[in-house]
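Coordinates from structure27.cif are shown below (mmCIF, C-alpha atoms and all ligand atoms).
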```cif
data_my_file
loop_
_atom_site.label_atom_id
_atom_site.label_comp_id
_atom_site.auth_asym_id
_atom_site.auth_seq_id
_atom_site.Cartn_x
_atom_site.Cartn_y
_atom_site.Cartn_z
CA MET A 1 106.55 1.34 133.92
CA SER A 2 110.22 0.39 134.28
CA VAL A 3 111.39 -2.75 132.43
CA PHE A 4 113.88 -5.07 134.10
CA SER A 5 116.74 -5.94 131.75
CA GLU A 6 117.92 -9.50 132.23
CA PRO A 7 121.66 -9.98 132.88
CA ALA A 8 123.60 -12.08 130.34
CA ALA A 9 124.07 -15.81 130.87
CA THR A 10 126.92 -16.88 133.16
CA PRO A 11 129.62 -18.69 131.14
CA SER A 12 130.06 -21.54 133.64
CA ALA A 13 128.04 -23.17 136.42
CA LEU A 14 128.77 -21.82 139.90
CA LEU A 15 128.87 -25.13 141.69
CA LEU A 16 129.18 -28.79 140.89
CA LEU A 17 126.23 -30.48 142.46
CA GLY A 18 124.86 -33.91 143.07
CA ARG A 19 128.23 -35.67 143.09
CA GLY A 20 128.16 -38.51 145.58
CA ALA A 21 126.27 -38.58 148.83
CA ASP A 22 127.43 -36.88 152.00
CA PRO A 23 124.49 -36.01 154.22
CA THR A 24 126.75 -34.15 156.67
CA ALA A 25 127.96 -31.69 154.03
CA GLU A 26 126.35 -28.57 152.70
CA ARG A 27 127.86 -29.04 149.29
CA GLY A 28 125.04 -31.00 147.78
CA VAL A 29 124.19 -34.66 147.67
CA GLU A 30 122.19 -36.90 145.42
CA CYS A 31 118.54 -36.34 146.00
CA PRO A 32 116.63 -39.61 146.20
CA GLY A 33 113.00 -40.06 145.21
CA ASP A 34 110.77 -39.79 142.17
CA LEU A 35 110.22 -36.32 140.83
CA PRO A 36 107.43 -35.22 138.56
CA PRO A 37 108.80 -33.94 135.23
CA ALA A 38 109.32 -30.16 135.13
CA ALA A 39 107.13 -29.99 132.01
CA ASP A 40 104.12 -31.62 133.73
CA PRO A 41 101.33 -29.07 133.06
CA SER A 42 99.46 -30.14 136.19
CA LEU A 43 102.26 -29.24 138.64
CA ILE A 44 100.53 -26.16 140.02
CA GLU A 45 97.26 -28.07 140.46
CA ARG A 46 99.12 -30.92 142.17
CA ALA A 47 100.92 -28.54 144.52
CA ARG A 48 97.62 -26.83 145.41
CA ALA A 49 95.87 -30.15 146.02
CA ALA A 50 98.66 -31.52 148.23
CA ARG A 51 98.87 -28.19 150.10
CA ALA A 52 95.12 -28.25 150.74
CA ALA A 53 95.24 -31.89 151.88
CA LEU A 54 97.95 -31.06 154.43
CA GLY A 55 96.16 -27.97 155.77
CA GLU A 56 97.58 -26.70 159.07
CA ARG A 57 99.67 -29.82 159.55
CA ALA A 58 102.28 -28.26 157.24
CA PHE A 59 103.94 -24.86 157.30
CA ILE A 60 105.97 -23.77 154.28
CA LEU A 61 108.88 -21.34 154.74
CA GLY A 62 110.45 -19.63 151.70
CA HIS A 63 113.76 -17.79 151.72
CA HIS A 64 113.83 -14.66 149.59
CA TYR A 65 116.29 -16.27 147.15
CA GLN A 66 113.84 -19.00 146.18
CA ARG A 67 112.28 -19.18 142.73
CA ASP A 68 108.89 -17.48 142.20
CA GLU A 69 107.21 -20.84 141.53
CA VAL A 70 108.20 -21.88 145.07
CA ILE A 71 107.58 -18.51 146.77
CA ASP A 72 103.99 -18.69 145.44
CA PHE A 73 103.40 -21.59 147.86
CA ALA A 74 105.24 -20.17 150.88
CA ASP A 75 103.17 -19.40 153.99
CA VAL A 76 105.83 -16.94 155.00
CA THR A 77 108.88 -15.51 153.25
CA GLY A 78 111.93 -14.03 154.92
CA ASP A 79 115.67 -13.82 155.37
CA SER A 80 117.39 -16.46 157.46
CA PHE A 81 116.76 -14.60 160.74
CA LYS A 82 113.05 -14.13 160.16
CA LEU A 83 112.64 -17.73 158.99
CA ALA A 84 114.41 -19.09 162.10
CA ARG A 85 111.97 -17.14 164.28
CA GLU A 86 108.96 -18.19 162.19
CA ALA A 87 109.94 -21.87 162.43
CA ALA A 88 110.28 -21.55 166.22
CA ALA A 89 106.86 -19.88 166.43
CA ARG A 90 104.87 -22.74 164.80
CA PRO A 91 104.54 -25.47 167.45
CA GLU A 92 101.23 -26.58 165.94
CA ALA A 93 102.70 -27.56 162.56
CA GLU A 94 103.61 -31.24 162.27
CA TYR A 95 105.76 -30.58 159.19
CA ILE A 96 107.96 -27.59 158.45
CA VAL A 97 108.73 -27.59 154.73
CA PHE A 98 111.86 -25.46 154.40
CA CYS A 99 112.33 -23.93 150.97
CA GLY A 100 115.83 -22.63 151.52
CA VAL A 101 119.15 -24.39 152.07
CA HIS A 102 120.39 -27.17 154.33
CA PHE A 103 121.80 -25.04 157.20
CA MET A 104 118.48 -23.17 157.47
CA ALA A 105 116.55 -26.44 157.70
CA GLU A 106 119.00 -27.65 160.37
CA SER A 107 118.37 -24.47 162.39
CA ALA A 108 114.62 -24.99 162.02
CA ASP A 109 114.98 -28.57 163.31
CA ILE A 110 117.01 -27.32 166.27
CA LEU A 111 114.48 -24.63 167.17
CA THR A 112 111.31 -26.70 166.77
CA ALA A 113 109.83 -29.37 169.05
CA ALA A 114 111.04 -32.98 168.81
CA SER A 115 107.63 -34.03 167.47
CA GLN A 116 107.89 -31.64 164.49
CA LYS A 117 109.57 -32.80 161.29
CA VAL A 118 111.58 -30.47 159.09
CA VAL A 119 111.78 -31.32 155.40
CA LEU A 120 114.15 -29.91 152.76
CA PRO A 121 112.52 -30.55 149.37
CA ASP A 122 115.90 -31.20 147.69
CA LEU A 123 118.76 -32.58 149.80
CA ALA A 124 121.20 -31.13 147.28
CA ALA A 125 120.28 -27.61 148.41
CA GLY A 126 123.41 -26.94 150.47
CA CYS A 127 125.56 -23.82 150.80
CA SER A 128 129.09 -23.50 149.51
CA MET A 129 129.92 -20.89 152.16
CA ALA A 130 128.83 -23.15 155.00
CA ASP A 131 131.01 -25.90 153.53
CA MET A 132 134.06 -23.65 153.82
CA ALA A 133 134.19 -24.26 157.57
CA ALA A 134 134.34 -27.91 158.62
CA ILE A 135 134.17 -28.68 162.34
CA ALA A 136 137.59 -30.39 162.38
CA GLN A 137 139.15 -27.26 160.83
CA VAL A 138 137.48 -25.01 163.40
CA GLU A 139 138.73 -27.21 166.25
CA ASP A 140 142.26 -26.95 164.79
CA ALA A 141 141.89 -23.17 164.64
CA TRP A 142 140.83 -23.10 168.30
CA ASP A 143 143.96 -25.13 169.15
CA ALA A 144 146.05 -22.50 167.30
CA LEU A 145 144.35 -19.76 169.33
CA THR A 146 144.99 -21.74 172.52
CA ASP A 147 148.69 -22.15 171.60
CA ALA A 148 148.91 -18.39 170.97
CA GLY A 149 147.38 -17.80 174.44
CA VAL A 150 144.32 -15.97 173.09
CA ALA A 151 141.53 -18.58 173.15
CA ASP A 152 140.41 -17.49 176.63
CA GLY A 153 139.55 -13.93 175.62
CA THR A 154 138.04 -14.95 172.25
CA VAL A 155 134.29 -15.20 171.65
CA PRO A 156 133.19 -17.22 168.62
CA VAL A 157 130.46 -15.62 166.53
CA THR A 158 129.15 -17.74 163.70
CA TYR A 159 127.00 -16.63 160.84
CA MET A 160 123.73 -18.52 160.45
CA ASN A 161 125.21 -19.82 157.19
CA SER A 162 127.15 -22.62 158.84
CA SER A 163 126.61 -26.27 159.71
CA ALA A 164 124.91 -27.24 162.97
CA ALA A 165 128.26 -28.64 164.16
CA ILE A 166 129.84 -25.17 163.89
CA LYS A 167 126.89 -23.59 165.68
CA ALA A 168 127.29 -26.20 168.43
CA PHE A 169 131.00 -25.37 168.73
CA THR A 170 130.00 -21.72 169.11
CA GLY A 171 127.43 -22.51 171.81
CA GLU A 172 129.88 -24.68 173.70
CA HIS A 173 132.49 -21.92 173.66
CA GLY A 174 130.21 -19.15 174.96
CA GLY A 175 129.49 -17.50 171.62
CA THR A 176 126.46 -16.66 169.51
CA VAL A 177 125.01 -17.15 166.07
CA CYS A 178 124.27 -14.05 163.99
CA THR A 179 122.64 -13.27 160.68
CA SER A 180 123.17 -10.41 158.29
CA SER A 181 120.34 -8.52 160.05
CA ASN A 182 121.86 -8.65 163.52
CA ALA A 183 125.63 -9.01 163.01
CA GLU A 184 126.31 -5.59 164.55
CA ARG A 185 124.34 -6.44 167.70
CA ALA A 186 126.06 -9.83 167.91
CA LEU A 187 129.51 -8.27 167.67
CA ARG A 188 128.73 -5.57 170.24
CA TRP A 189 127.49 -8.29 172.61
CA ALA A 190 130.62 -10.40 171.95
CA PHE A 191 132.99 -7.47 172.57
CA GLY A 192 131.18 -6.88 175.87
CA LYS A 193 132.27 -10.41 176.85
CA GLY A 194 135.76 -10.76 175.41
CA GLU A 195 138.54 -8.81 173.72
CA ARG A 196 138.52 -10.68 170.46
CA VAL A 197 136.07 -12.42 168.11
CA LEU A 198 136.55 -15.49 165.94
CA PHE A 199 134.07 -14.84 163.12
CA LEU A 200 132.89 -17.86 161.08
CA PRO A 201 132.62 -18.58 158.18
CA ASP A 202 132.04 -15.39 156.12
CA GLN A 203 135.05 -13.12 156.22
CA HIS A 204 133.15 -10.36 154.37
CA LEU A 205 130.21 -10.07 156.76
CA GLY A 206 132.68 -10.10 159.67
CA ARG A 207 134.98 -7.47 158.18
CA ASN A 208 132.18 -5.22 156.89
CA THR A 209 130.38 -5.22 160.23
CA ALA A 210 133.53 -4.66 162.29
CA VAL A 211 134.83 -1.83 160.14
CA LEU A 212 131.66 -0.07 158.99
CA GLN A 213 129.46 -0.53 162.05
CA LEU A 214 131.87 -0.92 164.96
CA GLY A 215 134.44 1.56 163.65
CA MET A 216 137.41 -0.83 163.69
CA SER A 217 140.24 -0.55 161.22
CA LEU A 218 141.16 -3.14 158.61
CA ASP A 219 144.35 -3.68 160.63
CA ASP A 220 142.25 -4.93 163.54
CA CYS A 221 141.29 -7.91 161.34
CA VAL A 222 143.33 -10.99 160.39
CA VAL A 223 142.20 -13.76 158.08
CA TYR A 224 142.59 -17.34 159.27
CA ASN A 225 143.03 -19.68 156.28
CA PRO A 226 142.12 -23.25 157.26
CA HIS A 227 144.10 -24.58 154.31
CA LYS A 228 147.41 -23.21 155.61
CA PRO A 229 149.38 -24.50 158.60
CA GLY A 230 148.42 -22.47 161.67
CA GLY A 231 145.86 -20.66 159.52
CA GLY A 232 148.67 -18.74 157.77
CA VAL A 233 148.87 -16.28 160.68
CA THR A 234 151.49 -15.92 163.38
CA ALA A 235 150.78 -16.11 167.11
CA ASP A 236 151.69 -12.41 167.30
CA GLU A 237 149.16 -11.52 164.60
CA LEU A 238 146.48 -13.46 166.48
CA ARG A 239 147.36 -11.61 169.71
CA ARG A 240 147.17 -8.21 168.01
CA ALA A 241 143.89 -8.93 166.17
CA ARG A 242 140.46 -7.99 167.45
CA MET A 243 138.61 -9.79 164.64
CA ILE A 244 139.87 -13.19 163.51
CA LEU A 245 138.03 -13.75 160.24
CA TRP A 246 137.56 -17.22 158.82
CA ARG A 247 138.54 -17.42 155.16
CA GLY A 248 135.08 -18.20 153.77
CA HIS A 249 132.83 -16.35 151.37
CA CYS A 250 129.57 -16.62 149.45
CA SER A 251 130.06 -17.72 145.86
CA VAL A 252 127.07 -15.62 144.80
CA HIS A 253 127.80 -12.29 146.52
CA GLY A 254 131.52 -12.81 145.91
CA ARG A 255 130.89 -12.28 142.19
CA PHE A 256 130.09 -8.57 142.55
CA THR A 257 133.13 -6.37 142.02
CA ARG A 258 134.10 -2.73 142.36
CA THR A 259 133.96 -2.57 138.54
CA CYS A 260 130.28 -3.62 138.62
CA VAL A 261 129.59 -0.61 140.85
CA ASP A 262 131.57 1.82 138.66
CA GLN A 263 129.91 0.53 135.48
CA VAL A 264 126.36 0.76 136.80
CA ARG A 265 126.98 4.33 137.95
CA GLU A 266 128.02 5.19 134.36
CA ARG A 267 125.11 3.28 132.84
CA VAL A 268 122.33 4.59 135.12
CA PRO A 269 122.66 8.24 136.16
CA GLY A 270 121.64 8.91 139.77
CA VAL A 271 121.48 5.19 140.61
CA ASN A 272 121.53 4.09 144.27
CA VAL A 273 123.74 1.07 144.79
CA LEU A 274 122.38 -1.28 147.45
CA VAL A 275 124.32 -4.43 148.37
CA HIS A 276 124.29 -7.34 150.80
CA PRO A 277 127.08 -7.41 153.46
CA GLU A 278 128.34 -10.76 152.09
CA CYS A 279 129.87 -8.68 149.27
CA ALA A 280 133.59 -7.83 149.43
CA HIS A 281 134.64 -4.78 151.47
CA GLU A 282 135.64 -2.79 148.37
CA VAL A 283 132.16 -3.35 146.90
CA VAL A 284 130.37 -2.43 150.11
CA THR A 285 132.42 0.74 150.56
CA ALA A 286 131.70 1.77 146.96
CA ALA A 287 127.95 1.20 147.45
CA ASP A 288 125.45 3.69 148.87
CA LEU A 289 123.67 1.30 151.21
CA VAL A 290 124.39 -2.13 152.67
CA GLY A 291 122.09 -4.55 154.46
CA SER A 292 120.46 -7.95 154.75
CA THR A 293 117.85 -9.19 152.33
CA GLU A 294 115.05 -7.91 154.60
CA PHE A 295 116.77 -4.50 154.68
CA ILE A 296 117.04 -4.49 150.88
CA ILE A 297 113.33 -5.28 150.53
CA LYS A 298 112.29 -2.59 153.06
CA THR A 299 114.56 -0.01 151.41
CA LEU A 300 112.90 -0.61 148.06
CA GLU A 301 109.44 -0.43 149.65
CA SER A 302 110.13 3.00 151.10
CA ALA A 303 112.03 4.38 148.08
CA PRO A 304 110.34 7.19 146.14
CA SER A 305 108.67 6.47 142.81
CA GLY A 306 111.03 7.13 139.90
CA SER A 307 114.20 6.37 141.91
CA ALA A 308 116.86 4.09 140.40
CA TRP A 309 118.42 1.11 142.20
CA ALA A 310 121.24 -1.30 141.36
CA ILE A 311 121.01 -4.26 143.70
CA GLY A 312 123.85 -6.59 144.62
CA THR A 313 122.22 -9.75 145.86
CA GLU A 314 120.73 -12.96 144.48
CA LEU A 315 118.93 -12.63 141.16
CA ASN A 316 115.57 -14.27 142.04
CA LEU A 317 115.08 -11.60 144.71
CA VAL A 318 116.22 -8.71 142.50
CA ARG A 319 113.93 -9.77 139.67
CA ARG A 320 110.99 -10.05 142.11
CA LEU A 321 111.76 -6.57 143.46
CA ALA A 322 111.77 -5.19 139.91
CA ARG A 323 108.38 -6.78 139.31
CA THR A 324 106.82 -5.58 142.55
CA HIS A 325 108.13 -2.01 142.09
CA PRO A 326 107.29 -1.13 138.47
CA ASP A 327 107.38 2.59 139.38
CA LYS A 328 111.12 2.34 140.25
CA HIS A 329 114.04 1.52 138.01
CA VAL A 330 115.53 -1.68 139.47
CA THR A 331 118.62 -3.20 137.90
CA PHE A 332 120.90 -6.10 138.79
CA LEU A 333 124.37 -4.98 139.90
CA ASP A 334 126.25 -7.54 137.80
CA SER A 335 125.94 -7.71 134.02
CA THR A 336 125.81 -11.52 134.11
CA VAL A 337 123.49 -13.97 135.86
CA CYS A 338 124.12 -14.58 139.53
CA TYR A 339 121.70 -17.10 141.03
CA CYS A 340 122.44 -19.13 144.10
CA SER A 341 122.57 -22.48 142.34
CA THR A 342 121.82 -24.43 145.51
CA MET A 343 118.80 -22.29 146.47
CA ASN A 344 117.62 -22.85 142.91
CA ARG A 345 117.70 -26.62 143.37
CA ILE A 346 114.30 -26.33 145.02
CA ASP A 347 111.81 -25.99 142.22
CA LEU A 348 108.15 -26.81 141.74
CA PRO A 349 108.74 -30.53 140.97
CA HIS A 350 110.69 -30.92 144.24
CA LEU A 351 108.04 -29.02 146.18
CA VAL A 352 105.26 -31.12 144.67
CA ALA A 353 107.15 -34.34 145.47
CA SER A 354 107.64 -33.18 149.08
CA LEU A 355 104.05 -32.10 149.65
CA GLU A 356 102.54 -35.15 147.96
CA SER A 357 104.70 -37.55 149.93
CA LEU A 358 103.80 -35.81 153.22
CA ALA A 359 100.12 -35.88 152.28
CA ALA A 360 100.50 -39.62 151.61
CA GLY A 361 102.07 -40.12 155.05
CA THR A 362 105.74 -40.51 154.00
CA VAL A 363 108.33 -38.06 155.29
CA ALA A 364 111.01 -37.76 152.59
CA ASN A 365 114.18 -35.66 152.96
CA GLN A 366 113.78 -35.03 156.67
CA ILE A 367 116.58 -32.98 158.26
CA THR A 368 117.51 -34.13 161.74
CA VAL A 369 120.34 -32.82 163.87
CA PRO A 370 121.80 -35.26 166.44
CA GLU A 371 120.74 -34.31 169.99
CA ARG A 372 124.18 -33.37 171.37
CA VAL A 373 124.88 -31.08 168.40
CA ALA A 374 121.31 -29.77 168.58
CA HIS A 375 121.68 -28.95 172.29
CA TRP A 376 124.73 -26.70 171.90
CA SER A 377 123.49 -25.22 168.61
CA ARG A 378 120.27 -24.31 170.40
CA VAL A 379 122.31 -22.53 173.07
CA ALA A 380 124.03 -20.42 170.37
CA LEU A 381 120.82 -19.82 168.41
CA GLN A 382 118.91 -18.89 171.57
CA GLN A 383 121.71 -16.47 172.43
CA MET A 384 121.11 -14.86 169.04
CA LEU A 385 117.34 -14.64 169.60
CA ASP A 386 118.08 -13.09 173.04
CA LEU A 387 120.57 -10.47 171.80
CA PRO A 388 119.78 -7.09 173.36
CA ALA A 389 118.01 -4.61 171.06
CA ASN A 390 120.22 -1.79 169.74
P1 LIG A 401 120.19 -13.39 154.80
O1 LIG A 401 119.00 -14.23 154.52
O2 LIG A 401 120.52 -13.44 156.27
O3 LIG A 401 120.14 -12.01 154.27
O4 LIG A 401 121.46 -14.12 154.12
C1 LIG A 401 121.59 -14.18 152.77
C2 LIG A 401 122.05 -15.50 152.35
O5 LIG A 401 123.03 -15.64 151.69
C3 LIG A 401 121.28 -16.64 152.73
O6 LIG A 401 121.90 -17.77 152.28
FE1 LIG A 402 125.21 -19.94 150.58
FE2 LIG A 402 125.62 -17.67 149.24
FE3 LIG A 402 123.76 -19.36 148.41
FE4 LIG A 402 123.39 -17.96 150.64
S1 LIG A 402 123.55 -17.15 148.58
S2 LIG A 402 123.00 -20.14 150.34
S3 LIG A 402 125.51 -17.87 151.44
S4 LIG A 402 126.00 -19.76 148.50
#
```
What do you get writing this file as C-alpha cells?
Amino acid sequence: MSVFSEPAATPSALLLLGRGADPTAERGVECPGDLPPAADPSLIERARAARAALGERAFILGHHYQRDEVIDFADVTGDSFKLAREAAARPEAEYIVFCGVHFMAESADILTAASQKVVLPDLAAGCSMADMAAIAQVEDAWDALTDAGVADGTVPVTYMNSSAAIKAFTGEHGGTVCTSSNAERALRWAFGKGERVLFLPDQHLGRNTAVLQLGMSLDDCVVYNPHKPGGGVTADELRRARMILWRGHCSVHGRFTRTCVDQVRERVPGVNVLVHPECAHEVVTAADLVGSTEFIIKTLESAPSGSAWAIGTELNLVRRLARTHPDKHVTFLDSTVCYCSTMNRIDLPHLVASLESLAAGTVANQITVPERVAHWSRVALQQMLDLPAN
C-alpha cells in the first residue's frame, strides 16, 4: 500500500479573511451566527441528527475541494459543472446546502426555483479569483473594446468562477459561462459566433484552452489588466488579438511552478504529472495531462495499479485520491501545503450550524441573487448547459 507523504506547512496564509462585511464580494465576509466549538465530540452525531430531521427537504452538494468531514455528509460531490447541473435537477428540495464557495451557491440560486433556498454554510467562503473581476472593471473593459472598434465581434466567455454580476454581463452580451470541463466547447461555440473572445476572469484557463485545445498561438492572446489605464493594451493589440484574457488567476493553482514539475520528476521516477487548467501555461505544458477536477478523478480511477501520479490541484482532493487509490502512488505536486483557504472555511461546525438552524426552521446564510442579475446570468448559464456536445 502506497503512503501519502504530507507536504510541508505553508509559511504564510493564502488569504486574509473575515475582514469587514461585503456581501457582494467573493473575498470573504464576517460570518454571523453561533457556531458549535470544533472540539465538540458530538458534532458528527449532531450533523447526522439534523440531516435525518431534514430528510428530503434538504440536498447537500459538496465540491471536490471540501474537507473530508464535510464530504462525508454530501448527497452528491462534483466539480462546479456537475454541481450546477445537480442543483438544477433537484426541484423537490426546499433547501440546497452548498458546500463550496460563494459563486457556486449564487449559480445554484440562479438555476433553482424561486421557492428553493440556497444556503452557504460560511459566508466567508468566497473566491479570490472571482474577486479579480468586478463588474465596474468589466464594463470599463467593454468600453475600451468599443473604443477600439472590436466590441461588436467579441463574445464574452466567463468562467463559472465569477460573480453573478459578471455572468449577467456575459448573458446580456451574447456570451456563455464555461467551467474547466467544457471550456473547449464554450470557446468553439464562441468562435462560431464572433472573431474574438473576452475571457473572464482566469487568464490561465483561457490561454491553456485556446493554445492547447484550439491550436492558437500565444501571440493570438493579449492580457487585459484592469488595474492599468485601457487595460495596459493598445487598440491595435486588441484588434489583432483573438483571445482577450482578463488578468485574473487562482491563488491555489497559481502556486504550482515549472520547478515543482521538474523536481517531482527527479523525486519519483516514471511519475505522471496531472494538473488542473487553472495552472500557469508553463506548468500545463510541462505536465503529462491536464483537466478539470472530474477529469483528474476519472484519470486516477482508470490508472493501472502501481502507477505513479503527481497531482497539481487542491490538497483536500489530492489527499482523498491518495486514500481511495492505495494501490497507486499519489503525490502532491507542490512540496508545501496548498489548500483553498476559502473552500476550507466550511467545516463540520459550520455544517452543523447550518443544518440545525434549517431543521429548527431558520434559514441562515441564504444566498440570493437579485432578479435582474439572475435573469441574465441564467441566460449565460443556460447557454453553457446547452453547449453542443463535442
Ligand atoms: P472545477 O470544479 O470546475 O474543476 O474548478 C476548480 C475550482 O477551482 C473550483 O473553484
Ligand atoms: Fe477560487 Fe481557486 Fe479556491 Fe477555486 S481553488 S475557489 S478558483 S481560489
Query - Selection as a count of residues only: residues within 6 Å of ligand LIG 401 (chain A) by all atoms listed in the file - result: 7
Please report, as a tab-separated table, each residue of chain A lying at most 7 Å from ligand LIG 402 (chain A), together with the nearest pair of atoms and the separation in Å rounded to one decimal; use all atoms listed in the file, and order rows by chain and ascending residue number.
```
residue	atom	partner	partner_atom	distance
A:Val101	CA	A:LIG402	S2	6.0
A:Gly126	CA	A:LIG402	S2	6.8
A:Cys127	CA	A:LIG402	FE1	3.9
A:Ser128	CA	A:LIG402	S4	5.0
A:Met129	CA	A:LIG402	FE1	5.1
A:Ala130	CA	A:LIG402	FE1	6.6
A:Asn161	CA	A:LIG402	S3	6.1
A:Cys250	CA	A:LIG402	FE2	4.1
A:Ser251	CA	A:LIG402	S4	5.3
A:Val252	CA	A:LIG402	FE2	5.1
A:His253	CA	A:LIG402	FE2	6.4
A:Glu314	CA	A:LIG402	S1	6.5
A:Cys340	CA	A:LIG402	FE3	4.5
A:Ser341	CA	A:LIG402	FE3	6.9
A:Thr342	CA	A:LIG402	FE3	6.2
A:Met343	CA	A:LIG402	FE3	6.1
```
Under the rule of at most 12 Å, produce a per-residue listing of segment 62-86 of chain A near segment 105-110 of chain A: chain, number, name, the closest pair of atoms, and the distance in Å, as CSV, using all atoms listed in the file.
```
residue,atom,partner,partner_atom,distance
A:Gly62,CA,A:Ala105,CA,10.9
A:His63,CA,A:Ala105,CA,10.9
A:Ser80,CA,A:Ser107,CA,9.5
A:Phe81,CA,A:Ser107,CA,10.1
A:Lys82,CA,A:Ala108,CA,11.1
A:Leu83,CA,A:Ala108,CA,8.1
A:Ala84,CA,A:Ala108,CA,5.9
A:Arg85,CA,A:Ala108,CA,8.6
A:Glu86,CA,A:Ala108,CA,8.8
```
Query raised in the report: Around (128.2, -25.9, 165.4) in the file's own coordinates, what residues are found within 12 Å if you use only C-alpha atoms, given back as a ChimeraX atom specification?
Result: /A:103,106-107,110,130,133-139,156-177,200-201,369-370,372-381
Rows by chain and residue number, segment 155-266 of chain A within 12 Å of segment 275-279 of chain A, shortest pair, all atoms listed in the file, as JSON lines:
```
{"residue": "A:Tyr159", "atom": "CA", "partner": "A:Glu278", "partner_atom": "CA", "distance": 10.6}
{"residue": "A:Asn161", "atom": "CA", "partner": "A:Glu278", "partner_atom": "CA", "distance": 10.9}
{"residue": "A:Thr179", "atom": "CA", "partner": "A:Pro277", "partner_atom": "CA", "distance": 10.3}
{"residue": "A:Ser180", "atom": "CA", "partner": "A:Pro277", "partner_atom": "CA", "distance": 6.9}
{"residue": "A:Ser181", "atom": "CA", "partner": "A:Pro277", "partner_atom": "CA", "distance": 9.5}
{"residue": "A:Asn182", "atom": "CA", "partner": "A:Pro277", "partner_atom": "CA", "distance": 11.4}
{"residue": "A:Ala183", "atom": "CA", "partner": "A:Pro277", "partner_atom": "CA", "distance": 9.8}
{"residue": "A:Glu184", "atom": "CA", "partner": "A:Pro277", "partner_atom": "CA", "distance": 11.3}
{"residue": "A:Pro201", "atom": "CA", "partner": "A:Glu278", "partner_atom": "CA", "distance": 10.8}
{"residue": "A:Asp202", "atom": "CA", "partner": "A:Glu278", "partner_atom": "CA", "distance": 7.2}
{"residue": "A:Gln203", "atom": "CA", "partner": "A:Glu278", "partner_atom": "CA", "distance": 8.2}
{"residue": "A:His204", "atom": "CA", "partner": "A:Glu278", "partner_atom": "CA", "distance": 5.3}
{"residue": "A:Leu205", "atom": "CA", "partner": "A:Glu278", "partner_atom": "CA", "distance": 5.1}
{"residue": "A:Gly206", "atom": "CA", "partner": "A:Glu278", "partner_atom": "CA", "distance": 8.8}
{"residue": "A:Arg207", "atom": "CA", "partner": "A:Pro277", "partner_atom": "CA", "distance": 9.2}
{"residue": "A:Asn208", "atom": "CA", "partner": "A:Pro277", "partner_atom": "CA", "distance": 6.5}
{"residue": "A:Thr209", "atom": "CA", "partner": "A:Pro277", "partner_atom": "CA", "distance": 7.8}
{"residue": "A:Ala210", "atom": "CA", "partner": "A:Pro277", "partner_atom": "CA", "distance": 11.3}
{"residue": "A:Val211", "atom": "CA", "partner": "A:Pro277", "partner_atom": "CA", "distance": 11.7}
{"residue": "A:Leu212", "atom": "CA", "partner": "A:Pro277", "partner_atom": "CA", "distance": 10.3}
{"residue": "A:Gln213", "atom": "CA", "partner": "A:Pro277", "partner_atom": "CA", "distance": 11.3}
{"residue": "A:Gly248", "atom": "CA", "partner": "A:Glu278", "partner_atom": "CA", "distance": 10.2}
{"residue": "A:His249", "atom": "CA", "partner": "A:Glu278", "partner_atom": "CA", "distance": 7.2}
{"residue": "A:Cys250", "atom": "CA", "partner": "A:Glu278", "partner_atom": "CA", "distance": 6.5}
{"residue": "A:Ser251", "atom": "CA", "partner": "A:Glu278", "partner_atom": "CA", "distance": 9.5}
{"residue": "A:Val252", "atom": "CA", "partner": "A:Cys279", "partner_atom": "CA", "distance": 8.7}
{"residue": "A:His253", "atom": "CA", "partner": "A:Cys279", "partner_atom": "CA", "distance": 5.0}
{"residue": "A:Gly254", "atom": "CA", "partner": "A:Cys279", "partner_atom": "CA", "distance": 5.6}
{"residue": "A:Arg255", "atom": "CA", "partner": "A:Cys279", "partner_atom": "CA", "distance": 8.0}
{"residue": "A:Phe256", "atom": "CA", "partner": "A:Cys279", "partner_atom": "CA", "distance": 6.7}
{"residue": "A:Thr257", "atom": "CA", "partner": "A:Cys279", "partner_atom": "CA", "distance": 8.3}
{"residue": "A:Arg258", "atom": "CA", "partner": "A:Cys279", "partner_atom": "CA", "distance": 10.1}
{"residue": "A:Cys260", "atom": "CA", "partner": "A:Val275", "partner_atom": "CA", "distance": 11.5}
{"residue": "A:Val261", "atom": "CA", "partner": "A:Val275", "partner_atom": "CA", "distance": 9.9}
```
Query raised in the report: Which is closest to Ala322 of chain A among A:Ser307, A:Ser354, A:Thr154, A:Asn225, if we use all atoms listed in the file?
Result: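 The shortest atom-to-atom distance to Ala322 of chain A comes from A:Ser307.
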Requested in this report: Figure out the distance between atom CA of Ile297 of chain A and atom CA of Ile311 of chain A, please, to one decimal in Å.
Outcome: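 Between atom CA of Ile311 of chain A and atom CA of Ile297 of chain A the gap works out to 10.3 Å.
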N, CA and C atoms modelled onto segment 121-127 of chain A, as an mmCIF file, in the frame of the given file:
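Writing done, so here's selection24.cif:
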```
data_model
loop_
_atom_site.group_PDB
_atom_site.id
_atom_site.type_symbol
_atom_site.label_atom_id
_atom_site.label_comp_id
_atom_site.auth_asym_id
_atom_site.auth_seq_id
_atom_site.Cartn_x
_atom_site.Cartn_y
_atom_site.Cartn_z
ATOM 1 N N PRO A 121 113.025 -29.865 150.570
ATOM 2 C CA PRO A 121 112.520 -30.550 149.370
ATOM 3 C C PRO A 121 113.611 -31.126 148.462
ATOM 4 N N ASP A 122 114.806 -30.590 148.455
ATOM 5 C CA ASP A 122 115.900 -31.200 147.690
ATOM 6 C C ASP A 122 117.132 -31.255 148.597
ATOM 7 N N LEU A 123 117.599 -32.460 148.889
ATOM 8 C CA LEU A 123 118.760 -32.580 149.800
ATOM 9 C C LEU A 123 120.029 -31.990 149.189
ATOM 10 N N ALA A 124 120.013 -31.723 147.914
ATOM 11 C CA ALA A 124 121.200 -31.130 147.280
ATOM 12 C C ALA A 124 121.258 -29.616 147.476
ATOM 13 N N ALA A 125 120.266 -29.058 148.172
ATOM 14 C CA ALA A 125 120.280 -27.610 148.410
ATOM 15 C C ALA A 125 121.166 -27.306 149.618
ATOM 16 N N GLY A 126 122.457 -27.259 149.403
ATOM 17 C CA GLY A 126 123.410 -26.940 150.470
ATOM 18 C C GLY A 126 123.867 -25.503 150.344
ATOM 19 N N CYS A 127 125.016 -25.180 150.911
ATOM 20 C CA CYS A 127 125.560 -23.820 150.800
ATOM 21 C C CYS A 127 127.073 -23.924 150.744
#
```
